[in-house]
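Beneath this line is the structure, given in structure tokens, with notes to follow.
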Amino acid sequence: MAGSPAVFLDRDGIINRAIVREGKPYPPARLEEVEILSGAVSSLKQLDTAGYVLIGITNQPDVARGTQSRAVVESINTFIESKLPIRKIFVCYHDNADKCTCRKPKPGLILQAAEKYGLDLSRSWMVGDRWKDISAGQAAGLKTIFVDYHYAETYKGSPADFTVEDTAFLAEIILKGAK
């Protein structure tokens, strides 16, 4: 029996609003700063109803840098998982210098989730707001959607399969692409 299709979602910027300072996105520093995006709510409910397993995939290097606690990251993840039909949020707590296999743009977190839940990557998607998200999805063989918020950073990877400017369009694209 084939595994379930999944939608892998970057956390900050896709599920919840990223905190943008000087054109660059940052994660919320406290649980009180978390704002779940309304477009994500409607899209994720539709995708869950259609049978997709929803998985969060997030780099949280501020833990390795000592500027954020693992407990705060986990409290944010628990809050999000309680509000949305997300099976689990997988986290890389490393920084670039750690050279781990789980930090996007590497596909390690996607592969971990696929193995844990028996997911069919050939029918799955990655949604992100930064080039590292899209590159990780491409490395795992996923179709990709880039949510372009026009951050002040250079997009370094290959183009995504789709580009949108609002998470409200995710379900429509994925459900049409599944046919």
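Going through the structure tokens in order, the chains are called A, B, and so on, while each chain numbers its residues from 1 and the ligands are numbered from 1 in the order shown.
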Using only C-alpha atoms, tabulate the residues of stretch 80-154 of chain A lying at most 10 Å from any atom of stretch 159-165 of chain A, each with its closest atom pair and that distance in Å to one decimal, by chain and increasing residue number, as a Markdown table.
```
| residue | atom | partner | partner_atom | distance |
| --- | --- | --- | --- | --- |
| A:Trp125 | CA | A:Asp161 | CA | 9.9 |
| A:Met126 | CA | A:Ala160 | CA | 9.5 |
| A:Val127 | CA | A:Ala160 | CA | 9.3 |
| A:Gly128 | CA | A:Ala160 | CA | 9.6 |
| A:Asp129 | CA | A:Glu165 | CA | 9.3 |
| A:Trp131 | CA | A:Pro159 | CA | 8.5 |
| A:Asp133 | CA | A:Ala160 | CA | 9.8 |
| A:Ile134 | CA | A:Ala160 | CA | 6.3 |
| A:Ser135 | CA | A:Ala160 | CA | 8.5 |
| A:Gly137 | CA | A:Ala160 | CA | 9.3 |
| A:Gln138 | CA | A:Ala160 | CA | 8.3 |
| A:Leu142 | CA | A:Asp161 | CA | 9.6 |
| A:Lys143 | CA | A:Asp161 | CA | 6.3 |
| A:Thr144 | CA | A:Asp161 | CA | 5.2 |
| A:Ile145 | CA | A:Phe162 | CA | 4.7 |
| A:Phe146 | CA | A:Thr163 | CA | 4.7 |
| A:Val147 | CA | A:Val164 | CA | 5.0 |
| A:Asp148 | CA | A:Glu165 | CA | 5.0 |
| A:Tyr149 | CA | A:Glu165 | CA | 6.2 |
| A:His150 | CA | A:Glu165 | CA | 8.7 |
```
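The residue set within 7 Å of stretch 34-48 of chain A, counting only C-alpha atoms and dropping same-chain residues fewer than 4 places from it, reads Ile14, Ile15, Asn16, Arg17, Pro28, Tyr52, Val53, Leu84, Pro85, Asp166, Thr167, Ala168, Leu170 and Ala171 of chain A.
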Selection export as a PDB file, in the first residue's frame, atoms kept: C-alpha atoms:
```
ATOM      1  CA  ILE A  14       3.730  30.017   6.242  1.00  0.00           C
ATOM      2  CA  ILE A  15       1.873  28.777   9.322  1.00  0.00           C
ATOM      3  CA  ASN A  16       2.397  31.824  11.515  1.00  0.00           C
ATOM      4  CA  ARG A  17       3.373  35.377  10.689  1.00  0.00           C
ATOM      5  CA  PRO A  28       8.423  35.057  17.106  1.00  0.00           C
ATOM      6  CA  TYR A  52      -2.961  15.207   3.181  1.00  0.00           C
ATOM      7  CA  VAL A  53      -0.742  14.703   6.221  1.00  0.00           C
ATOM      8  CA  LEU A  84      -4.320  23.448  13.319  1.00  0.00           C
ATOM      9  CA  PRO A  85      -4.499  19.925  11.843  1.00  0.00           C
ATOM     10  CA  ASP A 166      -0.664  34.606   0.168  1.00  0.00           C
ATOM     11  CA  THR A 167      -1.079  31.269   1.949  1.00  0.00           C
ATOM     12  CA  ALA A 168      -4.804  31.374   1.128  1.00  0.00           C
ATOM     13  CA  LEU A 170      -2.135  26.816  -1.124  1.00  0.00           C
ATOM     14  CA  ALA A 171      -5.043  24.369  -1.052  1.00  0.00           C
TER      15      ALA A 171
END
```
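Ranking A:Thr101, A:Leu109, A:Leu54, A:Val72 by their shortest atom-to-atom distance to A:Pro5, with only C-alpha atoms included, puts A:Leu54 first.
Close contacts of A:Asp120, defined as residues with an atom at most 12 Å away when counting only C-alpha atoms, with chain neighbours fewer than 3 positions off set aside, comprise Met1, Ala2, Gly3, Ser4, Pro5, Ala6, Val7, Phe8, Tyr52, Val53, Ile110, Leu111, Ala113, Ala114, Glu115, Lys116, Tyr117, Arg123, Ser124, Trp125, Ala140, Gly141 and Leu142 of chain A.
Between atom CA of A:Asp95 and atom CA of A:Gly108 lies a distance of 14.3 Å.
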Give me, as a count of residues only, all polymer residues having an atom no more than 7 Å from A:Ile57, counting only C-alpha atoms and skipping those fewer than 2 positions away in the same chain.
9
Separation of atom CA of A:Asn59 from atom CA of A:Arg30 in Å
16.2 Å
